[in-house]
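Structure below is model-v1.csv: CSV, C-alpha atoms and all ligand atoms.
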```csv
chain,number,residue,atom,x,y,z
S,1,MET,CA,6.4,23.1,-27.8
S,2,PHE,CA,4.6,22.2,-24.6
S,3,VAL,CA,5.9,19.1,-22.8
S,4,TYR,CA,4.6,18.7,-19.3
S,5,LEU,CA,6.5,16.2,-17.2
S,6,ASP,CA,5.6,17.5,-13.8
S,7,ASN,CA,2.6,15.3,-13.1
S,8,ALA,CA,3.6,14.4,-9.6
S,9,ALA,CA,3.1,18.1,-8.8
S,10,THR,CA,-0.3,18.2,-10.4
S,11,THR,CA,-2.1,16.8,-13.4
S,12,LYS,CA,-4.3,18.3,-16.0
S,13,PRO,CA,-7.9,17.8,-15.1
S,14,CYS,CA,-9.6,15.4,-17.4
S,15,ALA,CA,-12.7,16.5,-19.5
S,16,GLU,CA,-15.0,14.3,-17.4
S,17,ALA,CA,-13.8,16.0,-14.1
S,18,VAL,CA,-14.2,19.4,-15.6
S,19,GLN,CA,-17.7,18.7,-16.9
S,20,SER,CA,-18.8,17.3,-13.5
S,21,ALA,CA,-17.5,20.3,-11.7
S,22,ILE,CA,-19.3,22.6,-14.2
S,23,SER,CA,-22.6,20.7,-13.8
S,24,ALA,CA,-22.3,21.0,-10.0
S,25,MET,CA,-21.7,24.7,-10.3
S,26,THR,CA,-24.4,25.5,-12.9
S,27,GLU,CA,-27.2,23.1,-12.2
S,28,ASN,CA,-26.6,21.0,-9.1
S,29,PHE,CA,-25.5,24.0,-6.9
S,30,GLY,CA,-27.3,23.2,-3.7
S,31,ASN,CA,-25.9,22.8,-0.2
S,32,PRO,CA,-25.9,19.1,0.7
S,33,SER,CA,-27.1,20.0,4.2
S,34,SER,CA,-30.2,21.8,3.0
S,35,LEU,CA,-33.4,19.8,3.7
S,36,HIS,CA,-35.1,20.6,0.4
S,37,ARG,CA,-34.9,19.0,-3.0
S,38,VAL,CA,-32.0,21.2,-4.2
S,39,GLY,CA,-29.9,20.2,-1.2
S,40,LEU,CA,-30.8,16.6,-1.6
S,41,ASP,CA,-29.7,16.6,-5.2
S,42,ALA,CA,-26.3,17.9,-4.1
S,43,GLN,CA,-26.1,15.4,-1.3
S,44,LEU,CA,-26.8,12.6,-3.8
S,45,ALA,CA,-24.0,13.8,-6.1
S,46,VAL,CA,-21.6,13.9,-3.2
S,47,ASP,CA,-22.7,10.4,-2.2
S,48,ASN,CA,-22.3,9.1,-5.7
S,49,ALA,CA,-18.7,10.3,-5.8
S,50,ARG,CA,-18.1,8.8,-2.3
S,51,LYS,CA,-19.3,5.4,-3.5
S,52,ILE,CA,-17.0,5.6,-6.6
S,53,ILE,CA,-14.0,6.4,-4.4
S,54,ALA,CA,-14.9,3.9,-1.8
S,55,ASP,CA,-15.2,1.1,-4.4
S,56,SER,CA,-11.9,2.1,-5.9
S,57,ILE,CA,-10.1,1.0,-2.7
S,58,GLY,CA,-12.4,-1.8,-1.7
S,59,ALA,CA,-14.1,0.2,1.0
S,60,GLU,CA,-17.6,1.2,2.0
S,61,SER,CA,-19.0,4.6,1.3
S,62,ASN,CA,-19.2,5.4,5.1
S,63,ASN,CA,-15.4,4.9,5.3
S,64,ILE,CA,-14.7,8.0,3.2
S,65,ILE,CA,-14.5,11.6,4.5
S,66,PHE,CA,-14.0,14.4,2.0
S,67,THR,CA,-11.4,17.0,2.7
S,68,SER,CA,-9.7,19.9,0.9
S,69,GLY,CA,-6.8,17.7,-0.2
S,70,ALA,CA,-4.2,15.3,1.1
S,71,THR,CA,-2.5,17.9,3.2
S,72,GLU,CA,-5.7,18.2,5.2
S,73,SER,CA,-6.3,14.4,5.1
S,74,ASN,CA,-2.8,13.8,6.5
S,75,ASN,CA,-3.3,16.4,9.2
S,76,LEU,CA,-6.7,15.0,10.1
S,77,ALA,CA,-5.3,11.5,10.3
S,78,LEU,CA,-2.3,12.3,12.5
S,79,ARG,CA,-3.9,14.9,14.7
S,80,GLY,CA,-7.2,13.2,14.9
S,81,ILE,CA,-5.7,9.9,16.0
S,82,CYS,CA,-3.4,11.5,18.5
S,83,SER,CA,-6.4,13.4,20.0
S,84,ALA,CA,-8.5,10.2,20.2
S,85,TYR,CA,-5.9,7.7,21.4
S,86,GLY,CA,-2.8,9.7,22.3
S,87,ARG,CA,-3.4,10.4,26.0
S,88,LYS,CA,-1.6,7.2,27.2
S,89,ARG,CA,0.3,6.1,24.1
S,90,ARG,CA,2.6,8.9,23.1
S,91,LYS,CA,4.8,7.5,20.4
S,92,ILE,CA,4.5,7.7,16.6
S,93,VAL,CA,6.6,5.7,14.1
S,94,ALA,CA,7.0,7.2,10.6
S,95,SER,CA,9.2,6.7,7.6
S,96,SER,CA,12.0,9.3,7.3
S,97,VAL,CA,10.9,10.3,3.8
S,98,GLU,CA,7.3,11.5,4.3
S,99,HIS,CA,5.8,14.5,2.4
S,100,ALA,CA,5.9,17.8,4.2
S,101,SER,CA,2.2,17.5,5.1
S,102,VAL,CA,3.1,14.5,7.3
S,103,GLU,CA,6.6,15.5,8.3
S,104,GLU,CA,5.6,19.0,9.5
S,105,THR,CA,2.6,17.7,11.3
S,106,LEU,CA,4.8,15.2,13.1
S,107,SER,CA,7.2,18.0,14.1
S,108,ALA,CA,4.2,19.9,15.5
S,109,LEU,CA,3.1,16.8,17.4
S,110,GLU,CA,6.7,16.4,18.6
S,111,LYS,CA,6.6,19.9,20.1
S,112,SER,CA,3.4,19.0,21.9
S,113,GLY,CA,5.1,16.1,23.6
S,114,PHE,CA,4.8,13.1,21.3
S,115,GLU,CA,7.9,11.0,20.7
S,116,ILE,CA,8.4,10.6,16.9
S,117,VAL,CA,10.6,7.8,15.6
S,118,ARG,CA,11.6,8.4,12.0
S,119,VAL,CA,12.8,5.1,10.4
S,120,PRO,CA,15.4,5.6,7.7
S,121,PRO,CA,16.2,3.2,4.9
S,122,GLY,CA,18.9,0.6,5.6
S,123,ASP,CA,22.5,0.7,4.4
S,124,ASP,CA,21.3,-0.8,1.1
S,125,GLY,CA,19.2,2.3,0.6
S,126,ARG,CA,16.0,0.3,1.0
S,127,PHE,CA,13.2,0.4,3.6
S,128,HIS,CA,12.7,-2.9,5.5
S,129,PHE,CA,9.5,-3.7,7.3
S,130,ALA,CA,11.4,-5.3,10.2
S,131,ASP,CA,13.0,-1.9,11.0
S,132,PHE,CA,9.5,-0.4,11.5
S,133,VAL,CA,8.3,-3.2,13.6
S,134,LYS,CA,11.4,-3.0,15.8
S,135,SER,CA,10.6,0.7,16.4
S,136,CYS,CA,7.1,0.0,17.6
S,137,ASP,CA,6.2,-0.8,21.2
S,138,GLU,CA,3.3,-0.8,23.6
S,139,ASN,CA,3.5,3.0,23.9
S,140,THR,CA,3.0,3.5,20.1
S,141,VAL,CA,-0.2,5.1,19.1
S,142,MET,CA,0.2,5.0,15.3
S,143,ILE,CA,2.5,4.3,12.4
S,144,THR,CA,2.5,6.5,9.3
S,145,MET,CA,4.2,5.5,6.1
S,146,MET,CA,3.7,6.8,2.5
S,147,TYR,CA,3.1,4.2,-0.2
S,148,VAL,CA,5.0,5.9,-3.1
S,149,ASN,CA,7.6,8.6,-2.4
S,150,ASN,CA,6.8,11.8,-4.3
S,151,GLU,CA,10.4,12.7,-5.0
S,152,THR,CA,11.9,9.4,-6.2
S,153,GLY,CA,8.9,7.1,-6.9
S,154,TYR,CA,10.3,4.6,-4.3
S,155,ILE,CA,7.6,2.1,-3.2
S,156,LEU,CA,7.6,1.6,0.5
S,157,PRO,CA,6.7,-1.8,2.0
S,158,VAL,CA,3.4,-0.6,3.5
S,159,LYS,CA,1.5,-3.9,3.3
S,160,GLU,CA,4.3,-6.0,4.8
S,161,THR,CA,5.0,-3.4,7.5
S,162,PHE,CA,1.3,-2.8,8.5
S,163,SER,CA,0.6,-6.6,8.5
S,164,ALA,CA,3.6,-7.3,10.8
S,165,VAL,CA,2.9,-4.4,13.1
S,166,LYS,CA,-0.8,-5.4,13.4
S,167,ARG,CA,0.2,-9.0,14.2
S,168,LYS,CA,2.4,-7.9,17.0
S,169,TYR,CA,0.6,-4.8,18.2
S,170,PRO,CA,-3.1,-4.9,17.1
S,171,ASP,CA,-3.9,-1.6,18.8
S,172,ILE,CA,-1.4,0.5,16.8
S,173,ILE,CA,-3.3,2.6,14.2
S,174,THR,CA,-1.9,2.4,10.7
S,175,HIS,CA,-1.9,5.4,8.3
S,176,THR,CA,-0.6,5.6,4.7
S,177,ASP,CA,-0.4,8.6,2.4
S,178,CYS,CA,-1.3,7.1,-0.9
S,179,VAL,CA,-1.3,10.3,-3.0
S,180,GLN,CA,1.3,9.1,-5.5
S,181,ALA,CA,0.0,5.6,-5.6
S,182,TYR,CA,-3.7,6.2,-6.1
S,183,MET,CA,-4.9,5.3,-9.6
S,184,LYS,CA,-1.4,4.3,-10.5
S,185,ILE,CA,-0.8,1.2,-8.4
S,186,PRO,CA,-3.8,-1.1,-7.6
S,187,PHE,CA,-4.4,-1.4,-3.8
S,188,ARG,CA,-7.2,-2.2,-1.4
S,189,ALA,CA,-7.6,-0.8,2.1
S,190,ASN,CA,-7.9,-4.2,3.6
S,191,THR,CA,-4.9,-5.9,1.9
S,192,LEU,CA,-2.7,-2.9,2.9
S,193,ASN,CA,-3.9,-3.4,6.5
S,194,ALA,CA,-4.4,0.3,6.6
S,195,ASP,CA,-6.7,2.0,9.1
S,196,LEU,CA,-6.4,5.4,7.4
S,197,ILE,CA,-5.5,6.3,3.8
S,198,SER,CA,-5.0,9.8,2.5
S,199,LEU,CA,-5.9,10.6,-1.1
S,200,SER,CA,-5.7,13.7,-3.3
S,201,GLY,CA,-7.8,14.8,-6.3
S,202,HIS,CA,-5.4,16.9,-8.3
S,203,LYS,CA,-2.8,14.2,-8.7
S,204,ILE,CA,-5.2,12.0,-10.6
S,205,HIS,CA,-6.7,14.4,-13.2
S,206,ALA,CA,-9.4,15.7,-10.9
S,207,VAL,CA,-9.0,19.3,-9.5
S,208,LYS,CA,-7.0,21.0,-6.8
S,209,GLY,CA,-8.7,21.6,-3.4
S,210,VAL,CA,-10.3,18.1,-2.9
S,211,GLY,CA,-9.1,15.0,-1.2
S,212,ALA,CA,-10.3,12.2,0.9
S,213,LEU,CA,-9.5,10.3,4.1
S,214,TYR,CA,-10.4,6.6,4.3
S,215,ILE,CA,-11.2,5.7,7.9
S,216,LYS,CA,-11.6,2.0,8.8
S,217,LYS,CA,-14.8,1.2,10.6
S,218,GLY,CA,-14.3,1.4,14.4
S,219,VAL,CA,-11.3,3.7,14.2
S,220,ARG,CA,-12.0,7.0,16.0
S,221,VAL,CA,-10.6,10.2,14.5
S,222,LEU,CA,-11.4,13.4,16.4
S,223,PRO,CA,-12.0,16.5,14.2
S,224,ILE,CA,-9.4,19.3,13.8
S,225,ALA,CA,-12.1,21.9,13.0
S,226,THR,CA,-15.4,22.2,14.7
S,227,GLY,CA,-18.6,23.5,13.0
S,228,GLY,CA,-21.7,22.2,11.2
S,229,LYS,CA,-20.8,18.5,11.7
S,230,GLN,CA,-20.7,17.7,8.0
S,231,GLU,CA,-18.9,14.5,7.0
S,232,LYS,CA,-20.1,12.7,10.1
S,233,GLY,CA,-18.8,15.5,12.3
S,234,ILE,CA,-15.2,14.6,11.4
S,235,ARG,CA,-14.8,17.3,8.9
S,236,SER,CA,-17.1,20.3,9.4
S,237,GLY,CA,-17.6,22.8,6.6
S,238,THR,CA,-19.9,22.8,3.5
S,239,GLU,CA,-18.7,20.1,1.1
S,240,SER,CA,-17.1,21.4,-2.1
S,241,VAL,CA,-19.7,19.7,-4.3
S,242,PRO,CA,-18.1,20.6,-7.6
S,243,PHE,CA,-14.7,19.4,-6.7
S,244,ILE,CA,-16.0,16.3,-5.1
S,245,CYS,CA,-18.0,15.5,-8.2
S,246,ALA,CA,-14.8,16.1,-10.3
S,247,PHE,CA,-12.9,13.7,-8.0
S,248,GLY,CA,-15.5,11.0,-8.4
S,249,SER,CA,-15.6,11.4,-12.2
S,250,ALA,CA,-11.8,11.1,-12.5
S,251,VAL,CA,-11.7,8.0,-10.3
S,252,GLU,CA,-14.6,6.5,-12.4
S,253,LYS,CA,-12.6,7.2,-15.5
S,254,TYR,CA,-9.2,5.9,-14.4
S,255,SER,CA,-10.1,3.1,-12.0
S,256,PRO,CA,-10.6,0.4,-14.7
S,257,THR,CA,-7.2,1.0,-16.4
S,258,ILE,CA,-4.7,1.1,-13.5
S,259,LYS,CA,-2.8,-2.0,-14.7
S,260,GLU,CA,-2.7,-1.1,-18.4
S,261,ARG,CA,-1.5,2.4,-17.6
S,262,TYR,CA,1.2,1.1,-15.3
S,263,GLU,CA,2.5,-1.0,-18.1
S,264,LYS,CA,2.4,1.8,-20.5
S,265,VAL,CA,4.2,4.2,-18.2
S,266,SER,CA,6.8,1.4,-17.4
S,267,ALA,CA,7.5,1.2,-21.1
S,268,LEU,CA,7.8,5.0,-21.3
S,269,LYS,CA,10.2,4.9,-18.4
S,270,SER,CA,12.4,2.2,-20.1
S,271,HIS,CA,12.4,4.4,-23.3
S,272,LEU,CA,13.5,7.4,-21.3
S,273,LEU,CA,16.2,5.6,-19.4
S,274,GLU,CA,17.6,4.2,-22.6
S,275,ASN,CA,17.7,7.7,-24.0
S,276,LEU,CA,19.4,9.1,-20.9
S,277,SER,CA,22.0,6.4,-20.9
S,278,GLY,CA,23.5,7.9,-24.0
S,279,ILE,CA,24.1,11.3,-22.2
S,280,ASP,CA,27.2,11.8,-20.2
S,281,GLY,CA,27.0,13.1,-16.6
S,282,ILE,CA,23.5,11.8,-15.7
S,283,SER,CA,22.9,9.5,-12.8
S,284,ILE,CA,19.5,7.9,-12.0
S,285,ASN,CA,18.4,8.4,-8.4
S,286,SER,CA,15.2,6.3,-8.6
S,287,VAL,CA,15.6,2.6,-7.9
S,288,ASP,CA,14.7,0.1,-10.7
S,289,ASP,CA,11.6,-1.1,-9.0
S,290,ALA,CA,10.3,2.4,-8.2
S,291,SER,CA,6.9,3.6,-9.5
S,292,PRO,CA,7.5,4.3,-13.2
S,293,TYR,CA,5.5,7.5,-12.9
S,294,VAL,CA,8.3,9.3,-11.1
S,295,ILE,CA,11.9,9.3,-12.2
S,296,ASN,CA,14.5,11.3,-10.3
S,297,ILE,CA,17.8,12.0,-12.0
S,298,SER,CA,20.9,14.1,-11.3
S,299,VAL,CA,22.2,16.1,-14.2
S,300,GLY,CA,25.5,17.7,-13.0
S,301,LYS,CA,24.1,21.2,-13.3
S,302,ARG,CA,22.1,23.1,-10.7
S,303,SER,CA,18.5,21.9,-10.8
S,304,GLU,CA,17.0,25.3,-10.9
S,305,ILE,CA,19.2,26.5,-13.8
S,306,MET,CA,18.5,23.3,-15.8
S,307,LEU,CA,14.8,23.6,-15.0
S,308,HIS,CA,14.6,27.1,-16.4
S,309,PHE,CA,16.7,26.1,-19.4
S,310,LEU,CA,14.2,23.3,-20.1
S,311,GLU,CA,11.4,25.7,-19.6
S,312,SER,CA,12.8,28.0,-22.2
S,313,LYS,CA,12.3,25.1,-24.6
S,314,GLY,CA,8.7,24.5,-23.5
S,315,ILE,CA,9.6,21.5,-21.3
S,316,TYR,CA,8.3,21.5,-17.7
S,317,VAL,CA,9.9,19.3,-15.0
S,318,SER,CA,10.4,19.7,-11.3
S,319,SER,CA,13.5,20.1,-9.1
S,320,GLY,CA,12.9,17.8,-6.2
S,321,SER,CA,9.5,18.1,-4.7
S,322,ALA,CA,7.1,20.8,-6.1
S,323,CYS,CA,5.6,21.4,-2.7
S,324,SER,CA,8.9,22.6,-1.4
S,325,LYS,CA,9.4,25.4,-4.1
S,326,GLY,CA,12.9,24.5,-4.9
S,327,GLN,CA,14.0,24.0,-1.3
S,328,GLN,CA,15.7,20.8,-0.6
S,329,SER,CA,13.5,18.6,1.6
S,330,GLY,CA,16.2,16.3,2.8
S,331,VAL,CA,14.4,13.3,1.4
S,332,LEU,CA,17.0,12.7,-1.3
S,333,LYS,CA,19.7,12.6,1.3
S,334,GLN,CA,17.7,10.0,3.2
S,335,PHE,CA,17.9,7.9,0.0
S,336,GLY,CA,21.7,8.1,0.1
S,337,ILE,CA,22.0,10.8,-2.6
S,338,SER,CA,24.9,13.1,-2.0
S,339,ASP,CA,24.3,16.9,-1.5
S,340,LYS,CA,26.0,17.5,-4.8
S,341,ASN,CA,23.7,15.2,-6.7
S,342,ALA,CA,20.7,16.5,-4.8
S,343,ASP,CA,21.6,20.0,-5.9
S,344,SER,CA,21.4,18.9,-9.5
S,345,ALA,CA,18.3,16.6,-9.2
S,346,LEU,CA,15.4,16.8,-11.5
S,347,ARG,CA,12.1,15.0,-11.2
S,348,ILE,CA,10.4,13.8,-14.3
S,349,SER,CA,6.8,12.6,-13.7
S,350,MET,CA,4.6,11.2,-16.4
S,351,THR,CA,1.1,10.1,-17.1
S,352,ALA,CA,-0.1,7.4,-19.5
S,353,GLU,CA,-0.7,10.2,-22.0
S,354,THR,CA,2.9,11.1,-22.1
S,355,THR,CA,4.5,10.2,-25.4
S,356,GLU,CA,7.9,8.8,-26.5
S,357,LYS,CA,8.2,11.8,-28.7
S,358,GLU,CA,7.8,14.1,-25.7
S,359,LEU,CA,10.5,12.1,-23.8
S,360,ASP,CA,12.8,12.4,-26.8
S,361,GLU,CA,12.3,16.2,-26.9
S,362,PHE,CA,13.1,16.2,-23.2
S,363,ALA,CA,16.3,14.1,-23.6
S,364,LYS,CA,17.4,16.3,-26.5
S,365,ALA,CA,17.0,19.5,-24.6
S,366,LEU,CA,18.6,18.0,-21.5
S,367,ARG,CA,21.7,17.0,-23.5
S,368,GLU,CA,21.8,20.5,-24.9
S,369,GLY,CA,21.5,22.0,-21.4
S,370,ILE,CA,24.3,19.8,-20.1
S,371,GLU,CA,26.6,20.8,-22.9
S,372,THR,CA,25.8,24.6,-22.8
S,373,ILE,CA,25.1,25.5,-19.2
S,374,ARG,CA,28.4,26.5,-17.5
S,375,GLY,CA,29.4,25.6,-14.0
P,401,LIG,N1,1.4,13.7,0.0
P,401,LIG,C1,2.1,13.5,-1.1
P,401,LIG,C2,3.0,12.2,-1.2
P,401,LIG,C3,2.2,14.5,-2.1
P,401,LIG,O1,2.9,14.3,-3.2
P,401,LIG,C4,1.4,15.6,-2.0
P,401,LIG,C5,1.5,16.7,-3.0
P,401,LIG,O2,2.5,17.0,-3.5
P,401,LIG,C6,0.6,15.8,-0.8
P,401,LIG,C7,0.6,14.8,0.1
P,401,LIG,C8,-0.3,17.0,-0.6
P,401,LIG,O3,-1.4,16.9,-1.4
P,401,LIG,P1,-2.4,18.1,-1.6
P,401,LIG,O4,-1.8,19.0,-2.6
P,401,LIG,O5,-3.7,17.5,-2.1
P,401,LIG,O6,-2.6,18.8,-0.3
```

Turn the structure described in the file into structure tokens.
Ligand code: PLP
Amino acid sequence: MFVYLDNAATTKPCAEAVQSAISAMTENFGNPSSLHRVGLDAQLAVDNARKIIADSIGAESNNIIFTSGATESNNLALRGICSAYGRKRRKIVASSVEHASVEETLSALEKSGFEIVRVPPGDDGRFHFADFVKSCDENTVMITMMYVNNETGYILPVKETFSAVKRKYPDIITHTDCVQAYMKIPFRANTLNADLISLSGHKIHAVKGVGALYIKKGVRVLPIATGGKQEKGIRSGTESVPFICAFGSAVEKYSPTIKERYEKVSALKSHLLENLSGIDGISINSVDDASPYVINISVGKRSEIMLHFLESKGIYVSSGSACSKGQQSGVLKQFGISDKNADSALRISMTAETTEKELDEFAKALREGIETIRG
């Protein structure tokens, strides 16, 4: 049996993405910066992918900078804005549940003298846009807020927050990490009121090692690496043409079906929850209106032990966030989940290709694990 339910960690590349990468490695292998025909062909392939990705969020091609992944996009967004605008305005407002690639960057900026205000959920366990607006002031350079939380699927009120912040403080730069929302929830850069958006390839059936940063026209991002001035000088380094082509192909494939897939995965989530409701000792940590792609549950047994028990049955899930290698990130605590429940948390993350049968196998193995694992 092979049941892969860890798609928030990474997804299997689709055939189209793999084929594009192979073509770019075997045929179209030029350096986009070369002035001859071979280079130009590579540049055209990169620009084709750029247009597909731009279109997918209602942007223009020249708004898209390719990076090595969302970790780099998030670093570039935060550090690049602070370098460009952070001499006088020294405060950053963020949600308290950001991915490590944002949170650790904020900590580094904090050490270099920026004030970081981390806005937690309210007593009801939910994020409220008014709390973010209240934390902003004339000294705030930027606000960063992920769209979908990678550990629980919680959907943060990005649009409401950014719109309200921009109304009151038009100069504050808005950044959102859309890694777990992209190709799963439809959004446009403009309607989100986002100046910067981070995207990743490997979460959407492209490949690891490629991402993008959307930068709204007129917003200045200073580079974090200097070099050959590729990507308009914002991200130097020879573009990974094969990975960029794979990214473009995956977006081209999945863009037209975002809504259908959302509905399909919502039905899968209902099926799973119904199955789980028949098993004693399980609590659901994700809220009802979370992204259906990510479901966080507590199972009453240590996450790692359960994870390996499930693995022995050929079922693959995650304990908390895959990026933290089993270490608790503290994000579940922010959502009001007790330490004990966080210790036994599992994350199940699906795709539209997940089947009810696979979820049934998971639920069956989980029940067995709960009954047989001691402690
Ligand atoms: N942001 C979120 C919300 C994520 O889930 C991840 C990966 O887990 C990242 C950023 C980092 O993306 P990448 O692996 O492309 O660097």

Legend entry - Gap from CA of Thr71 (chain S) to CA of Glu263 (chain S) - Å, one decimal: 28.9 Å

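Nearest to ligand LIG 401 (chain P) of all the residues S:Asp131, S:Asp289, S:Asp177, S:Asp41 is S:Asp177, based on all atoms listed in the file.
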
Cut-off 8 Å, all atoms listed in the file, neighbours of ligand LIG 401 (chain P) as a PDB file with C-alpha atoms, in the frame of the given file:
```
ATOM      1  CA  ALA S   8       3.600  14.400  -9.600  1.00  0.00           C
ATOM      2  CA  ALA S   9       3.100  18.100  -8.800  1.00  0.00           C
ATOM      3  CA  THR S  10      -0.300  18.200 -10.400  1.00  0.00           C
ATOM      4  CA  SER S  68      -9.700  19.900   0.900  1.00  0.00           C
ATOM      5  CA  GLY S  69      -6.800  17.700  -0.200  1.00  0.00           C
ATOM      6  CA  ALA S  70      -4.200  15.300   1.100  1.00  0.00           C
ATOM      7  CA  THR S  71      -2.500  17.900   3.200  1.00  0.00           C
ATOM      8  CA  GLU S  72      -5.700  18.200   5.200  1.00  0.00           C
ATOM      9  CA  SER S  73      -6.300  14.400   5.100  1.00  0.00           C
ATOM     10  CA  ASN S  74      -2.800  13.800   6.500  1.00  0.00           C
ATOM     11  CA  GLU S  98       7.300  11.500   4.300  1.00  0.00           C
ATOM     12  CA  HIS S  99       5.800  14.500   2.400  1.00  0.00           C
ATOM     13  CA  ALA S 100       5.900  17.800   4.200  1.00  0.00           C
ATOM     14  CA  SER S 101       2.200  17.500   5.100  1.00  0.00           C
ATOM     15  CA  VAL S 102       3.100  14.500   7.300  1.00  0.00           C
ATOM     16  CA  MET S 146       3.700   6.800   2.500  1.00  0.00           C
ATOM     17  CA  VAL S 148       5.000   5.900  -3.100  1.00  0.00           C
ATOM     18  CA  ASN S 149       7.600   8.600  -2.400  1.00  0.00           C
ATOM     19  CA  ASN S 150       6.800  11.800  -4.300  1.00  0.00           C
ATOM     20  CA  GLU S 151      10.400  12.700  -5.000  1.00  0.00           C
ATOM     21  CA  ASP S 177      -0.400   8.600   2.400  1.00  0.00           C
ATOM     22  CA  CYS S 178      -1.300   7.100  -0.900  1.00  0.00           C
ATOM     23  CA  VAL S 179      -1.300  10.300  -3.000  1.00  0.00           C
ATOM     24  CA  GLN S 180       1.300   9.100  -5.500  1.00  0.00           C
ATOM     25  CA  SER S 198      -5.000   9.800   2.500  1.00  0.00           C
ATOM     26  CA  LEU S 199      -5.900  10.600  -1.100  1.00  0.00           C
ATOM     27  CA  SER S 200      -5.700  13.700  -3.300  1.00  0.00           C
ATOM     28  CA  GLY S 201      -7.800  14.800  -6.300  1.00  0.00           C
ATOM     29  CA  HIS S 202      -5.400  16.900  -8.300  1.00  0.00           C
ATOM     30  CA  LYS S 203      -2.800  14.200  -8.700  1.00  0.00           C
ATOM     31  CA  LYS S 208      -7.000  21.000  -6.800  1.00  0.00           C
ATOM     32  CA  GLY S 209      -8.700  21.600  -3.400  1.00  0.00           C
ATOM     33  CA  VAL S 210     -10.300  18.100  -2.900  1.00  0.00           C
ATOM     34  CA  GLY S 211      -9.100  15.000  -1.200  1.00  0.00           C
ATOM     35  CA  SER S 321       9.500  18.100  -4.700  1.00  0.00           C
ATOM     36  CA  ALA S 322       7.100  20.800  -6.100  1.00  0.00           C
ATOM     37  CA  CYS S 323       5.600  21.400  -2.700  1.00  0.00           C
TER      38      CYS S 323
END
```

Inset, instruction - Excluding region 238-243 of chain S and residues on its chain fewer than 2 positions from it, collect all residues at most 6 Å away from it, counting all atoms listed in the file, and give them as a ChimeraX atom specification. - result: /S:21,24,210,245-246

Now that the selection is made, can you save its residues with C-alpha atoms as a PDB file, in the frame of the given file?
```pdb
ATOM      1  CA  ALA S  21     -17.500  20.300 -11.700  1.00  0.00           C
ATOM      2  CA  ALA S  24     -22.300  21.000 -10.000  1.00  0.00           C
ATOM      3  CA  VAL S 210     -10.300  18.100  -2.900  1.00  0.00           C
ATOM      4  CA  CYS S 245     -18.000  15.500  -8.200  1.00  0.00           C
ATOM      5  CA  ALA S 246     -14.800  16.100 -10.300  1.00  0.00           C
TER       6      ALA S 246
END
```

Legend entry - Nearest-residue call for Ala363 (chain S), choices S:Tyr316, S:Ile279, S:Gly122, S:Phe309, using all atoms listed in the file: S:Ile279

Inset, instruction - Quick one: everything within 12 Å of Arg167 (chain S), counting only C-alpha atoms, minus sequence neighbours fewer than 4 positions away in the same chain. Send it as a PyMOL selection string. - result: chain S and resi 133+136+160-163+171-172+193

Legend entry - Residue list as a list in words for point (0.3, 7.6, -13.7), cut-off 8 Å, only C-alpha atoms: Met183, Lys184, Ile204, Arg261, Tyr262, Val265, Pro292, Tyr293, Met350, Thr351 and Ala352 of chain S

Inset, instruction - Would you work out the distance separating CA of Ile92 (chain S) from CA of Phe114 (chain S), expressed in Å to one decimal? - result: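 The value is 7.2 Å.
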
Legend entry - Atomic distance CA of Ala342 (chain S) - CA of His205 (chain S), expressed in Å with one decimal: 28.7 Å

Inset, instruction - Would you be able to write out as a list of chain:residue names which residues have an atom within 10 Å of (-15.3, 22.6, -14.6) in the file's coordinates, counting all atoms listed in the file? - result: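 Checked against the point, the hits come out as S:Pro13, S:Cys14, S:Ala15, S:Glu16, S:Ala17, S:Val18, S:Gln19, S:Ser20, S:Ala21, S:Ile22, S:Ser23, S:Ala24, S:Met25, S:Thr26, S:Ala206, S:Val207, S:Pro242, S:Phe243, S:Cys245, S:Ala246.
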
Deliver the residues from the most recent selection as a file, using C-alpha atoms, as an mmCIF file, keeping the file's coordinate frame.
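Listing of result_26.cif after writing:
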```
data_model
loop_
_atom_site.group_PDB
_atom_site.id
_atom_site.type_symbol
_atom_site.label_atom_id
_atom_site.label_comp_id
_atom_site.auth_asym_id
_atom_site.auth_seq_id
_atom_site.Cartn_x
_atom_site.Cartn_y
_atom_site.Cartn_z
ATOM 1 C CA PRO S 13 -7.900 17.800 -15.100
ATOM 2 C CA CYS S 14 -9.600 15.400 -17.400
ATOM 3 C CA ALA S 15 -12.700 16.500 -19.500
ATOM 4 C CA GLU S 16 -15.000 14.300 -17.400
ATOM 5 C CA ALA S 17 -13.800 16.000 -14.100
ATOM 6 C CA VAL S 18 -14.200 19.400 -15.600
ATOM 7 C CA GLN S 19 -17.700 18.700 -16.900
ATOM 8 C CA SER S 20 -18.800 17.300 -13.500
ATOM 9 C CA ALA S 21 -17.500 20.300 -11.700
ATOM 10 C CA ILE S 22 -19.300 22.600 -14.200
ATOM 11 C CA SER S 23 -22.600 20.700 -13.800
ATOM 12 C CA ALA S 24 -22.300 21.000 -10.000
ATOM 13 C CA MET S 25 -21.700 24.700 -10.300
ATOM 14 C CA THR S 26 -24.400 25.500 -12.900
ATOM 15 C CA ALA S 206 -9.400 15.700 -10.900
ATOM 16 C CA VAL S 207 -9.000 19.300 -9.500
ATOM 17 C CA PRO S 242 -18.100 20.600 -7.600
ATOM 18 C CA PHE S 243 -14.700 19.400 -6.700
ATOM 19 C CA CYS S 245 -18.000 15.500 -8.200
ATOM 20 C CA ALA S 246 -14.800 16.100 -10.300
#
```

Considering all atoms listed in the file, return as a CSV table (one decimal) with C-alpha atoms, in the coordinates of the input whatever protein or nucleic-acid residues lie within 9 Å of Lys217 (chain S), sequence-local ones (same chain, fewer than 2 positions apart) excluded.
```
chain,number,residue,atom,x,y,z
S,62,ASN,CA,-19.2,5.4,5.1
S,63,ASN,CA,-15.4,4.9,5.3
S,195,ASP,CA,-6.7,2.0,9.1
S,215,ILE,CA,-11.2,5.7,7.9
S,219,VAL,CA,-11.3,3.7,14.2
S,220,ARG,CA,-12.0,7.0,16.0
```
